[in-house]
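Enquirer: You'll find entry.cif just under this line, and it carries mmCIF, C-alpha atoms (C1' of nucleotides).
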```
data_protein
loop_
_atom_site.label_atom_id
_atom_site.label_comp_id
_atom_site.auth_asym_id
_atom_site.auth_seq_id
_atom_site.Cartn_x
_atom_site.Cartn_y
_atom_site.Cartn_z
CA MET A 243 -116.82 -18.39 50.94
CA ARG A 244 -120.37 -16.95 51.31
CA THR A 245 -121.71 -19.04 48.45
CA LEU A 246 -125.31 -18.30 49.34
CA LYS A 247 -124.54 -14.66 48.59
CA TYR A 248 -123.73 -15.53 44.96
CA ALA A 249 -126.66 -17.89 44.57
CA LEU A 250 -128.94 -15.05 45.63
CA LEU A 251 -127.18 -12.47 43.44
CA GLY A 252 -127.53 -14.79 40.45
CA LEU A 253 -131.24 -15.29 40.97
CA ILE A 254 -131.88 -11.60 41.55
CA ASP A 255 -129.73 -10.65 38.55
CA ARG A 256 -132.20 -12.55 36.36
CA GLY A 257 -134.92 -10.12 37.33
CA PRO A 258 -136.82 -8.73 40.35
CA ILE A 259 -137.82 -11.47 42.78
CA THR A 260 -139.08 -11.81 46.36
CA GLY A 261 -137.40 -13.79 49.13
CA TYR A 262 -140.32 -16.16 49.11
CA ASP A 263 -139.88 -16.95 45.42
CA ILE A 264 -136.12 -17.41 45.88
CA VAL A 265 -136.86 -20.10 48.44
CA LYS A 266 -139.26 -21.71 45.98
CA GLU A 267 -136.46 -21.75 43.39
CA PHE A 268 -134.20 -23.53 45.87
CA GLU A 269 -136.90 -26.13 46.36
CA SER A 270 -137.42 -26.59 42.64
CA ARG A 271 -136.56 -29.78 40.84
CA VAL A 272 -133.63 -28.20 39.03
CA MET A 273 -131.93 -26.01 41.63
CA ALA A 274 -132.31 -28.43 44.52
CA ASN A 275 -129.74 -30.57 42.72
CA PHE A 276 -126.82 -28.32 43.55
CA TRP A 277 -127.79 -25.52 45.96
CA TYR A 278 -130.54 -24.72 48.42
CA ALA A 279 -131.27 -22.80 51.61
CA LYS A 280 -134.16 -22.45 53.99
CA HIS A 281 -136.06 -19.18 54.33
CA SER A 282 -134.44 -18.67 57.73
CA GLN A 283 -131.09 -18.43 55.98
CA VAL A 284 -132.31 -16.52 52.92
CA TYR A 285 -134.02 -13.58 54.63
CA PRO A 286 -131.05 -12.53 56.78
CA GLU A 287 -128.71 -12.86 53.79
CA LEU A 288 -130.99 -10.64 51.68
CA LYS A 289 -130.86 -8.06 54.44
CA ARG A 290 -127.08 -8.24 54.49
CA LEU A 291 -126.85 -7.90 50.69
CA THR A 292 -129.08 -4.84 50.92
CA ASP A 293 -126.82 -3.30 53.59
CA GLU A 294 -123.82 -4.03 51.38
CA GLY A 295 -125.47 -2.29 48.45
CA PHE A 296 -125.51 -5.33 46.15
CA VAL A 297 -129.29 -5.48 45.99
CA GLU A 298 -132.19 -3.14 46.70
CA TYR A 299 -135.91 -3.69 47.14
CA LYS A 300 -139.19 -1.95 46.82
CA VAL A 301 -142.18 -2.87 48.88
CA ILE A 302 -145.22 -3.83 46.85
CA LEU A 303 -148.69 -4.67 48.02
CA GLN A 304 -150.36 -7.98 47.48
CA GLY A 305 -154.06 -7.37 48.03
CA GLU A 306 -155.04 -4.87 50.75
CA LYS A 307 -152.32 -5.01 53.37
CA MET A 308 -149.84 -7.77 52.68
CA GLU A 309 -146.45 -6.32 51.88
CA LYS A 310 -143.76 -8.11 49.99
CA LYS A 311 -140.24 -7.03 49.12
CA LEU A 312 -139.26 -7.21 45.50
CA TYR A 313 -135.48 -7.37 45.26
CA SER A 314 -133.46 -6.13 42.27
CA ILE A 315 -129.75 -6.13 41.56
CA THR A 316 -127.68 -2.94 41.77
CA PRO A 317 -124.81 -2.18 39.36
CA SER A 318 -122.28 -3.10 42.07
CA GLY A 319 -124.19 -6.33 42.75
CA HIS A 320 -124.12 -7.27 39.09
CA GLU A 321 -120.39 -6.52 38.89
CA GLU A 322 -119.74 -8.61 42.02
CA PHE A 323 -121.68 -11.51 40.55
CA VAL A 324 -120.11 -11.66 37.09
CA LYS A 325 -116.66 -11.37 38.72
CA TRP A 326 -117.47 -14.44 40.82
CA MET A 327 -118.83 -16.32 37.79
CA LYS A 328 -115.44 -16.21 36.07
CA LYS A 329 -113.53 -17.45 39.10
CA ASP A 330 -111.84 -20.81 38.69
CA GLU A 331 -111.88 -22.58 42.03
CA PRO A 332 -110.21 -25.81 43.20
CA ILE A 333 -112.60 -28.75 43.38
CA GLY A 334 -112.23 -29.10 47.14
CA VAL A 335 -113.20 -32.03 49.31
CA THR A 336 -115.60 -34.66 48.05
CA PRO A 337 -119.07 -34.41 49.55
CA LYS A 338 -119.95 -36.42 52.62
CA ASP A 339 -122.07 -39.51 52.11
CA LEU A 340 -123.87 -41.25 54.95
CA PHE A 341 -124.43 -44.50 53.11
CA ARG A 342 -120.79 -44.75 52.11
CA LEU A 343 -119.82 -44.27 55.74
CA ARG A 344 -121.89 -47.36 56.52
CA SER A 345 -120.40 -49.20 53.54
CA TYR A 346 -116.96 -48.51 54.91
CA PHE A 347 -117.83 -50.25 58.17
CA THR A 348 -119.35 -53.40 56.69
CA ASP A 349 -117.20 -55.48 59.05
CA PHE A 350 -119.86 -54.58 61.68
CA ILE A 351 -122.97 -55.69 59.81
CA SER A 352 -124.29 -59.01 58.54
CA PRO A 353 -124.41 -59.53 54.76
CA GLU A 354 -128.21 -59.97 55.05
CA ASP A 355 -128.69 -56.60 56.77
CA TYR A 356 -126.29 -54.88 54.39
CA LEU A 357 -128.06 -56.32 51.35
CA LYS A 358 -131.35 -54.90 52.65
CA LEU A 359 -129.76 -51.45 52.91
CA LEU A 360 -128.31 -51.75 49.41
CA HIS A 361 -131.69 -52.63 47.94
CA SER A 362 -133.38 -49.78 49.77
CA GLN A 363 -130.76 -47.31 48.58
CA ARG A 364 -131.09 -48.55 45.02
CA ARG A 365 -134.86 -48.15 45.12
CA MET A 366 -134.59 -44.56 46.40
CA HIS A 367 -131.90 -43.49 43.95
CA THR A 368 -133.69 -45.13 41.02
CA GLU A 369 -136.84 -43.27 41.93
CA ARG A 370 -135.06 -39.94 42.10
CA CYS A 371 -133.37 -40.68 38.80
CA ASN A 372 -136.70 -41.40 37.13
CA THR A 373 -138.16 -38.13 38.39
CA LEU A 374 -135.18 -36.27 36.94
CA LYS A 375 -135.49 -38.08 33.62
CA ALA A 376 -139.18 -37.17 33.45
CA THR A 377 -138.25 -33.51 33.90
CA MET A 378 -135.64 -33.86 31.19
CA GLU A 379 -138.21 -35.09 28.69
CA ALA A 380 -139.37 -31.51 28.16
CA TYR A 381 -136.19 -30.90 26.13
CA LYS A 382 -136.93 -33.75 23.68
CA GLY A 383 -133.21 -34.40 23.27
CA VAL A 384 -132.47 -30.91 21.95
CA VAL A 385 -129.73 -28.95 23.73
CA PRO A 386 -130.98 -25.37 24.32
CA PRO A 387 -128.76 -22.57 22.96
CA PHE A 388 -125.89 -21.42 25.17
CA GLY A 389 -126.60 -18.16 26.98
CA THR A 390 -130.26 -18.95 27.70
CA ARG A 391 -131.67 -19.92 31.07
CA GLU A 392 -132.76 -23.20 29.54
CA TYR A 393 -129.14 -24.06 28.78
CA GLY A 394 -128.26 -23.75 32.49
CA ASP A 395 -131.30 -25.82 33.47
CA TYR A 396 -130.47 -28.46 30.91
CA SER A 397 -126.79 -28.72 31.91
CA VAL A 398 -127.37 -29.18 35.61
CA LEU A 399 -130.28 -31.54 35.02
CA LEU A 400 -128.08 -33.67 32.80
CA GLY A 401 -125.41 -33.71 35.51
CA ALA A 402 -127.96 -34.71 38.13
CA ILE A 403 -129.25 -37.60 36.01
CA MET A 404 -125.73 -38.81 35.32
CA ARG A 405 -124.96 -38.66 39.02
CA GLU A 406 -127.98 -40.72 39.99
CA ASP A 407 -127.25 -43.19 37.20
CA TYR A 408 -123.69 -43.70 38.41
CA TYR A 409 -124.85 -44.08 42.01
CA VAL A 410 -127.29 -46.79 40.99
CA SER A 411 -124.50 -48.50 39.00
CA TRP A 412 -122.27 -48.46 42.05
CA LEU A 413 -125.03 -49.98 44.19
CA ASN A 414 -125.58 -52.64 41.51
CA VAL A 415 -121.91 -53.60 41.57
CA CYS A 416 -122.02 -53.78 45.39
CA ILE A 417 -125.14 -55.97 45.24
CA ASP A 418 -123.58 -58.27 42.64
CA ASN A 419 -120.32 -58.58 44.60
CA LEU A 420 -122.18 -59.39 47.78
CA LYS A 421 -124.43 -61.99 46.16
CA GLU A 422 -121.51 -63.69 44.50
CA GLN A 423 -119.54 -63.87 47.73
CA THR A 424 -122.32 -64.96 50.07
CA GLY A 425 -124.67 -66.83 47.77
CA LEU A 426 -127.58 -64.67 48.97
CA ALA A 427 -130.56 -64.13 46.67
CA MET B 1041 -127.92 -36.46 63.32
CA ARG B 1042 -124.49 -36.44 65.04
CA THR B 1043 -122.90 -38.40 62.23
CA LEU B 1044 -119.38 -37.63 63.45
CA LYS B 1045 -120.28 -39.55 66.59
CA TYR B 1046 -120.83 -42.72 64.55
CA ALA B 1047 -117.77 -42.20 62.38
CA LEU B 1048 -115.69 -42.03 65.58
CA LEU B 1049 -117.44 -45.01 67.17
CA GLY B 1050 -116.79 -47.06 64.04
CA LEU B 1051 -113.11 -46.24 63.98
CA ILE B 1052 -112.69 -46.87 67.71
CA ASP B 1053 -114.68 -50.11 67.50
CA ARG B 1054 -112.01 -51.45 65.15
CA GLY B 1055 -109.47 -51.20 67.94
CA PRO B 1056 -107.82 -48.73 70.36
CA ILE B 1057 -106.84 -45.51 68.61
CA THR B 1058 -105.79 -41.96 69.51
CA GLY B 1059 -107.52 -38.77 68.41
CA TYR B 1060 -104.51 -37.91 66.37
CA ASP B 1061 -104.70 -41.16 64.41
CA ILE B 1062 -108.43 -40.73 63.89
CA VAL B 1063 -107.73 -37.40 62.21
CA LYS B 1064 -105.12 -39.12 60.05
CA GLU B 1065 -107.75 -41.65 59.01
CA PHE B 1066 -110.06 -38.83 57.97
CA GLU B 1067 -107.27 -37.41 55.86
CA SER B 1068 -106.51 -40.77 54.25
CA ARG B 1069 -107.11 -41.45 50.60
CA VAL B 1070 -109.99 -43.80 51.32
CA MET B 1071 -111.93 -42.14 54.11
CA ALA B 1072 -111.61 -38.59 52.79
CA ASN B 1073 -113.99 -39.69 50.03
CA PHE B 1074 -117.07 -39.78 52.23
CA TRP B 1075 -116.36 -38.40 55.71
CA TYR B 1076 -113.82 -36.19 57.45
CA ALA B 1077 -113.37 -33.77 60.31
CA LYS B 1078 -110.66 -31.50 61.59
CA HIS B 1079 -108.92 -32.17 64.89
CA SER B 1080 -110.77 -29.19 66.38
CA GLN B 1081 -114.02 -31.05 65.84
CA VAL B 1082 -112.70 -34.51 66.73
CA TYR B 1083 -111.23 -33.79 70.18
CA PRO B 1084 -114.38 -32.22 71.66
CA GLU B 1085 -116.53 -35.03 70.23
CA LEU B 1086 -114.23 -37.64 71.80
CA LYS B 1087 -114.63 -35.89 75.12
CA ARG B 1088 -118.40 -35.95 74.72
CA LEU B 1089 -118.43 -39.63 73.81
CA THR B 1090 -116.36 -40.33 76.92
CA ASP B 1091 -118.86 -38.39 79.07
CA GLU B 1092 -121.67 -40.37 77.49
CA GLY B 1093 -119.92 -43.64 78.28
CA PHE B 1094 -119.62 -44.84 74.68
CA VAL B 1095 -115.82 -44.77 74.74
CA GLU B 1096 -113.10 -44.73 77.35
CA TYR B 1097 -109.40 -43.96 77.22
CA LYS B 1098 -106.18 -44.70 78.97
CA VAL B 1099 -103.27 -42.34 78.98
CA ILE B 1100 -100.09 -43.80 77.60
CA LEU B 1101 -96.63 -42.32 77.42
CA GLN B 1102 -94.81 -41.69 74.21
CA GLY B 1103 -91.15 -41.21 75.16
CA GLU B 1104 -90.43 -39.42 78.46
CA LYS B 1105 -93.29 -36.99 78.98
CA MET B 1106 -95.62 -36.88 76.03
CA GLU B 1107 -99.02 -38.23 76.93
CA LYS B 1108 -101.51 -39.54 74.47
CA LYS B 1109 -105.03 -40.85 74.98
CA LEU B 1110 -105.78 -44.26 73.59
CA TYR B 1111 -109.53 -44.59 73.13
CA SER B 1112 -111.42 -47.89 73.19
CA ILE B 1113 -115.08 -48.73 72.73
CA THR B 1114 -117.30 -49.66 75.68
CA PRO B 1115 -120.06 -52.30 75.44
CA SER B 1116 -122.68 -49.54 75.26
CA GLY B 1117 -120.67 -47.78 72.57
CA HIS B 1118 -120.48 -50.95 70.49
CA GLU B 1119 -124.20 -51.53 70.89
CA GLU B 1120 -124.94 -47.93 69.87
CA PHE B 1121 -122.79 -48.29 66.78
CA VAL B 1122 -124.14 -51.59 65.44
CA LYS B 1123 -127.68 -50.30 66.00
CA TRP B 1124 -126.86 -47.27 63.82
CA MET B 1125 -125.22 -49.46 61.17
CA LYS B 1126 -128.47 -51.29 60.48
CA LYS B 1127 -130.53 -48.12 60.16
CA ASP B 1128 -132.01 -47.49 56.75
CA GLU B 1129 -132.12 -43.77 56.17
CA PRO B 1130 -133.72 -41.68 53.38
CA ILE B 1131 -131.21 -40.44 50.83
CA GLY B 1132 -131.82 -36.79 51.67
CA VAL B 1133 -130.84 -33.74 49.68
CA THR B 1134 -128.23 -33.98 46.96
CA PRO B 1135 -124.87 -32.49 47.91
CA LYS B 1136 -124.10 -28.89 47.04
CA ASP B 1137 -121.81 -28.27 44.10
CA LEU B 1138 -120.13 -24.95 43.48
CA PHE B 1139 -119.31 -25.60 39.86
CA ARG B 1140 -122.87 -26.63 39.06
CA LEU B 1141 -124.09 -23.40 40.61
CA ARG B 1142 -121.95 -21.56 38.09
CA SER B 1143 -123.14 -23.85 35.29
CA TYR B 1144 -126.70 -22.95 36.18
CA PHE B 1145 -125.96 -19.26 35.63
CA THR B 1146 -124.20 -19.56 32.27
CA ASP B 1147 -126.42 -16.77 30.94
CA PHE B 1148 -123.99 -14.45 32.81
CA ILE B 1149 -120.69 -15.71 31.37
CA SER B 1150 -119.14 -15.77 27.90
CA PRO B 1151 -118.74 -19.16 26.19
CA GLU B 1152 -114.96 -18.56 26.11
CA ASP B 1153 -114.75 -18.00 29.88
CA TYR B 1154 -117.06 -20.92 30.59
CA LEU B 1155 -115.05 -23.23 28.37
CA LYS B 1156 -111.92 -22.32 30.34
CA LEU B 1157 -113.66 -23.28 33.56
CA LEU B 1158 -114.87 -26.55 32.06
CA HIS B 1159 -111.36 -27.49 30.99
CA SER B 1160 -109.93 -26.60 34.37
CA GLN B 1161 -112.57 -28.67 36.15
CA ARG B 1162 -111.96 -31.61 33.86
CA ARG B 1163 -108.24 -31.46 34.52
CA MET B 1164 -108.74 -31.44 38.29
CA HIS B 1165 -111.32 -34.23 38.35
CA THR B 1166 -109.26 -36.37 35.97
CA GLU B 1167 -106.27 -35.97 38.23
CA ARG B 1168 -108.22 -36.98 41.32
CA CYS B 1169 -109.65 -39.93 39.42
CA ASN B 1170 -106.19 -41.11 38.43
CA THR B 1171 -104.98 -40.93 42.02
CA LEU B 1172 -107.93 -43.05 43.11
CA LYS B 1173 -107.32 -45.57 40.35
CA ALA B 1174 -103.68 -45.87 41.40
CA THR B 1175 -104.81 -46.67 44.94
CA MET B 1176 -107.21 -49.24 43.56
CA GLU B 1177 -104.44 -51.09 41.76
CA ALA B 1178 -103.41 -52.72 45.06
CA TYR B 1179 -106.47 -54.98 44.76
CA LYS B 1180 -105.45 -56.34 41.34
CA GLY B 1181 -109.11 -56.69 40.35
CA VAL B 1182 -109.91 -59.10 43.16
CA VAL B 1183 -112.85 -58.18 45.43
CA PRO B 1184 -111.82 -58.75 49.07
CA PRO B 1185 -114.06 -61.03 51.15
CA PHE B 1186 -117.13 -59.44 52.77
CA GLY B 1187 -116.68 -58.76 56.46
CA THR B 1188 -113.06 -57.67 56.19
CA ARG B 1189 -111.82 -54.11 56.43
CA GLU B 1190 -110.48 -54.43 52.92
CA TYR B 1191 -114.00 -55.03 51.63
CA GLY B 1192 -115.12 -51.66 53.04
CA ASP B 1193 -112.06 -49.92 51.61
CA TYR B 1194 -112.61 -51.54 48.23
CA SER B 1195 -116.32 -50.66 48.07
CA VAL B 1196 -115.96 -46.99 48.86
CA LEU B 1197 -112.91 -46.65 46.64
CA LEU B 1198 -114.86 -48.15 43.76
CA GLY B 1199 -117.68 -45.70 44.43
CA ALA B 1200 -115.27 -42.77 44.49
CA ILE B 1201 -113.72 -43.78 41.17
CA MET B 1202 -117.12 -44.21 39.57
CA ARG B 1203 -118.14 -40.80 40.87
CA GLU B 1204 -115.09 -39.05 39.42
CA ASP B 1205 -115.53 -40.92 36.14
CA TYR B 1206 -119.14 -39.79 35.82
CA TYR B 1207 -118.20 -36.22 36.70
CA VAL B 1208 -115.57 -36.17 33.97
CA SER B 1209 -118.14 -37.63 31.54
CA TRP B 1210 -120.56 -34.85 32.42
CA LEU B 1211 -117.89 -32.21 31.85
CA ASN B 1212 -117.04 -33.84 28.51
CA VAL B 1213 -120.66 -33.65 27.38
CA CYS B 1214 -120.78 -29.98 28.44
CA ILE B 1215 -117.57 -29.26 26.54
CA ASP B 1216 -118.85 -31.05 23.42
CA ASN B 1217 -122.21 -29.26 23.54
CA LEU B 1218 -120.53 -25.91 23.93
CA LYS B 1219 -118.07 -26.48 21.10
CA GLU B 1220 -120.79 -27.63 18.77
CA GLN B 1221 -122.95 -24.60 19.52
CA THR B 1222 -120.29 -21.93 19.43
CA GLY B 1223 -117.71 -23.39 17.08
CA LEU B 1224 -114.98 -22.80 19.70
CA ALA B 1225 -111.90 -25.00 19.64
"C1'" DG C 847 -165.39 -20.82 57.83
"C1'" DA C 848 -161.60 -23.75 57.08
"C1'" DG C 849 -157.51 -25.01 55.00
"C1'" DT C 850 -153.72 -24.04 52.13
"C1'" DA C 851 -150.49 -21.13 50.22
"C1'" DC C 852 -148.36 -16.55 50.53
"C1'" DA C 853 -145.04 -13.73 52.99
"C1'" DT C 854 -141.41 -12.38 56.34
"C1'" DG C 855 -138.94 -12.47 60.12
"C1'" DT C 856 -136.03 -14.06 64.72
"C1'" DA C 857 -134.03 -17.40 68.26
"C1'" DA C 858 -131.71 -21.31 69.52
"C1'" DT C 859 -129.01 -24.91 68.34
"C1'" DT C 860 -125.83 -27.90 65.72
"C1'" DA C 861 -122.07 -28.58 62.43
"C1'" DG C 862 -118.00 -27.24 60.67
"C1'" DT C 863 -113.83 -24.10 59.66
"C1'" DT C 864 -110.07 -21.09 60.81
"C1'" DA C 865 -107.23 -19.36 64.03
"C1'" DC C 866 -104.95 -19.43 68.42
"C1'" DA C 867 -102.09 -21.97 71.72
"C1'" DT C 868 -98.80 -25.22 73.65
"C1'" DG C 869 -95.41 -28.56 74.01
"C1'" DA C 870 -92.75 -33.28 72.99
"C1'" DT C 871 -90.39 -36.50 69.82
"C1'" DT C 872 -87.82 -37.99 65.99
"C1'" DG C 873 -84.66 -37.93 62.35
"C1'" DA C 874 -81.48 -35.39 59.33
"C1'" DT D 72 -80.02 -27.68 66.16
"C1'" DC D 73 -83.46 -27.40 63.04
"C1'" DA D 74 -87.49 -29.00 60.79
"C1'" DA D 75 -91.12 -32.08 60.45
"C1'" DT D 76 -94.22 -34.71 62.77
"C1'" DC D 77 -96.59 -36.10 66.91
"C1'" DA D 78 -100.15 -34.81 70.17
"C1'" DT D 79 -103.99 -32.24 72.35
"C1'" DG D 80 -106.69 -28.71 73.27
"C1'" DT D 81 -109.73 -23.99 73.05
"C1'" DA D 82 -111.75 -19.65 70.89
"C1'" DA D 83 -113.96 -17.26 67.45
"C1'" DC D 84 -116.46 -17.41 63.64
"C1'" DT D 85 -119.34 -19.02 59.61
"C1'" DA D 86 -122.90 -22.04 57.75
"C1'" DA D 87 -126.98 -24.34 58.21
"C1'" DT D 88 -131.08 -26.45 60.53
"C1'" DT D 89 -135.02 -26.52 63.57
"C1'" DA D 90 -138.14 -24.19 66.07
"C1'" DC D 91 -140.64 -20.13 67.31
"C1'" DA D 92 -143.62 -16.33 65.78
"C1'" DT D 93 -146.93 -13.58 63.15
"C1'" DG D 94 -150.16 -12.24 59.88
"C1'" DT D 95 -152.53 -12.00 54.90
"C1'" DA D 96 -154.80 -13.83 50.69
"C1'" DC D 97 -157.15 -17.10 48.10
"C1'" DT D 98 -160.07 -20.95 47.12
"C1'" DC D 99 -163.46 -24.33 48.28
#
```
Please express what this file holds, its structure, as structure tokens.
Expert:
Amino acid sequence: MRTLKYALLGLIDRGPITGYDIVKEFESRVMANFWYAKHSQVYPELKRLTDEGFVEYKVILQGEKMEKKLYSITPSGHEEFVKWMKKDEPIGVTPKDLFRLRSYFTDFISPEDYLKLLHSQRRMHTERCNTLKATMEAYKGVVPPFGTREYGDYSVLLGAIMREDYYVSWLNVCIDNLKEQTGLA
Amino acid sequence: MRTLKYALLGLIDRGPITGYDIVKEFESRVMANFWYAKHSQVYPELKRLTDEGFVEYKVILQGEKMEKKLYSITPSGHEEFVKWMKKDEPIGVTPKDLFRLRSYFTDFISPEDYLKLLHSQRRMHTERCNTLKATMEAYKGVVPPFGTREYGDYSVLLGAIMREDYYVSWLNVCIDNLKEQTGLA
DNA sequence: GAGTACATGTAATTAGTTACATGATTGA
DNA sequence: TCAATCATGTAACTAATTACATGTACTC
């Protein structure tokens, strides 16, 4: 599917950017919620996109010697990207989840040990959720206008918060069920 | 992390099973919600686990000639698995999501085209959610006792339903926001 | 001068998918 | 006898991670 290709095209289509800054985007609070790649995957893909004529770069100097490559989109790259944007794709398999794999095999763990894991998971997901909600506060409850970058940020941030909220709810139900059945505190 | 290893150990620890039936488990309505692998990944991993002494198999005959390998857990395999079960792991990166990647780049799509995608996504997720809820009906609202296989099935099924429900909610909010902003029907 | 961030790349390995390959059994 | 399912494997490829590798620029 070469999804990384389209993630890169999208970022570059927004304006000239270096590979280094693309990686920083992937690590950002917003984008890390749905796509990311390490620099060791990004640099080779940028090279490939250049060979394919979807992007081009010019070398600019930072200071005396340090060269960096500033990538921009080409007309064919832009066309390729907007074509992909309109594509309606099947939802595919549900994502893998390590904790759910353990939850599936609860016949091999004591209720005490499982409860510890549940509490730990809840703590971690609650924390992540709070971080996301803090980021969301910048919008003060106002939905940015469609077509702006802020709209995209807002939408995916909202989705991420809702996801963490649901995950915590699920863990809460699991904790309640377990306590009721075993009488554990 | 070799997670497939532990998925296989867990399934084999429940009782003797063939590679073929393991793959069927992965394709099942319950397990497909959090882990899965193709037969081309399963068979080599089973071989490796055998070499490592975590599982063993005996060849049994199906009919006249057809041989199948029935895998069972070894004491060291069981030990390895229960040790893994108790391990509390960090929640790690959030799973990648193709549709959210597109939602992030809505500055490159018309509201009409985006609305079409939103509706299509909602239809597909609603359908999956309904399938899951139909599977859930077997439990008639009664939580199975902890420690049984049914408890694991129930827990992960509940999580899967909650996940699809939240996803549909997110899509609904996106649809409402878009309609309000653009006046589209 | 030291430490951190900037900046870009490759190599080796692991994980996972698609395609290739073969043959037996069962039920209509 | 035909089709679907059972049953197991390998080969080639794509995706992604970890480790290796190098050097500059900025700030304290």
Enquirer: What does the structure give for the distance between CA of Ala1174 in chain B and CA of Thr1188 in chain B, in Å to one decimal?
Expert: 21.1 Å
Enquirer: If we count only C-alpha atoms (C1' of nucleotides) and set the cut-off at 9 Å, which residues sit around range 76-87 of chain D, ignoring sequence neighbours fewer than 4 positions away in its own chain? Please answer as an MDAnalysis selection string.
Expert: (chainID A and resid 244 279:280 283) or (chainID B and resid 1059:1060 1079:1080 1083:1084 1106:1108) or (chainID C and resid 860:872)
Enquirer: Which residues of chain A come within 6 Å of chain B, and what is each one's closest atom pair and distance in Å (one decimal), counting all atoms listed in the file, sorted by chain and residue number, as a Markdown table?
Expert:
```
| residue | atom | partner | partner_atom | distance |
| --- | --- | --- | --- | --- |
| A:Asn275 | CA | B:Thr1134 | CA | 5.6 |
| A:Phe276 | CA | B:Lys1136 | CA | 4.5 |
| A:Trp277 | CA | B:Lys1136 | CA | 5.1 |
| A:Asp330 | CA | B:Leu1157 | CA | 6.0 |
| A:Thr336 | CA | B:Asn1073 | CA | 5.6 |
| A:Lys338 | CA | B:Phe1074 | CA | 4.4 |
| A:Asp339 | CA | B:Phe1074 | CA | 5.0 |
| A:Ser345 | CA | B:Gly1192 | CA | 5.8 |
| A:Tyr346 | CA | B:Gly1192 | CA | 4.1 |
| A:Phe347 | CA | B:Gly1192 | CA | 6.0 |
| A:Thr348 | CA | B:Gly1192 | CA | 5.9 |
| A:Asp349 | CA | B:Gly1187 | CA | 4.2 |
| A:Leu359 | CA | B:Asp1128 | CA | 6.0 |
| A:Gly389 | CA | B:Asp1147 | CA | 4.2 |
| A:Thr390 | CA | B:Asp1147 | CA | 5.5 |
| A:Gly394 | CA | B:Tyr1144 | CA | 4.1 |
| A:Gly401 | CA | B:Trp1210 | CA | 5.9 |
| A:Trp412 | CA | B:Gly1199 | CA | 5.9 |
```
Enquirer: Would you mind exporting C-alpha atoms of the selected residues as a short mmCIF file (atom, residue, chain, number, x, y, z; two decimals), in the coordinates of the input?
Expert:
```cif
data_model
loop_
_atom_site.label_atom_id
_atom_site.label_comp_id
_atom_site.auth_asym_id
_atom_site.auth_seq_id
_atom_site.Cartn_x
_atom_site.Cartn_y
_atom_site.Cartn_z
CA ASN A 275 -129.74 -30.57 42.72
CA PHE A 276 -126.82 -28.32 43.55
CA TRP A 277 -127.79 -25.52 45.96
CA ASP A 330 -111.84 -20.81 38.69
CA THR A 336 -115.60 -34.66 48.05
CA LYS A 338 -119.95 -36.42 52.62
CA ASP A 339 -122.07 -39.51 52.11
CA SER A 345 -120.40 -49.20 53.54
CA TYR A 346 -116.96 -48.51 54.91
CA PHE A 347 -117.83 -50.25 58.17
CA THR A 348 -119.35 -53.40 56.69
CA ASP A 349 -117.20 -55.48 59.05
CA LEU A 359 -129.76 -51.45 52.91
CA GLY A 389 -126.60 -18.16 26.98
CA THR A 390 -130.26 -18.95 27.70
CA GLY A 394 -128.26 -23.75 32.49
CA GLY A 401 -125.41 -33.71 35.51
CA TRP A 412 -122.27 -48.46 42.05
#
```
Enquirer: Counting all atoms listed in the file, what is within 12 Å of DC99 in chain D, bar same-chain residues fewer than 4 positions away, as a compact mmCIF listing (two decimals) with C-alpha atoms (C1' of nucleotides), in the coordinates of the input?
Expert:
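Generated output (around10.txt):
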```txt
# COMPACT_ATOMS: atom_id res chain seq x y z
C1' DG C 847 -165.39 -20.82 57.83
C1' DA C 848 -161.60 -23.75 57.08
C1' DG C 849 -157.51 -25.01 55.00
C1' DT C 850 -153.72 -24.04 52.13
```
Enquirer: Which is closest to Val1095 in chain B among B:Val1063, B:Ala1178, B:Leu1049, B:Ile1057, if we use all atoms listed in the file?
Expert: B:Leu1049
Enquirer: Please compute the CA of Pro1056 in chain B-CA of Ile1113 in chain B distance, one decimal, in Å.
Expert: 7.6 Å
Enquirer: For each of B:Thr1090, B:Asn1170, B:Ser1068, B:Thr1058, take the minimum atom-to-atom distance to chain D, counting only C-alpha atoms (C1' of nucleotides), then give the residue where this is smallest.
Expert: B:Thr1058
Enquirer: Quick one: distance from CA of His1159 in chain B to CA of Glu1220 in chain B in Å, one decimal?
Expert: 15.4 Å
Enquirer: Using all atoms listed in the file, find the one residue out of A:Leu312, A:Cys371, A:Leu291, A:Val410 that sits nearest to Asp263 in chain A.
Expert: A:Leu312
Enquirer: With all atoms listed in the file counted and 12 Å as the cut-off, give the residues of chain C in contact with chain A, each with its shortest interatomic distance in Å and the pair that gives it, as a Markdown table.
Expert:
```
| residue | atom | partner | partner_atom | distance |
| --- | --- | --- | --- | --- |
| C:DA851 | C1' | A:Tyr262 | CA | 11.4 |
| C:DC852 | C1' | A:Tyr262 | CA | 8.2 |
| C:DA853 | C1' | A:Lys310 | CA | 6.5 |
| C:DT854 | C1' | A:Tyr285 | CA | 7.7 |
| C:DG855 | C1' | A:Tyr285 | CA | 7.5 |
| C:DT856 | C1' | A:Ser282 | CA | 8.5 |
| C:DA857 | C1' | A:Ser282 | CA | 10.6 |
| C:DT863 | C1' | A:Met243 | CA | 10.8 |
```
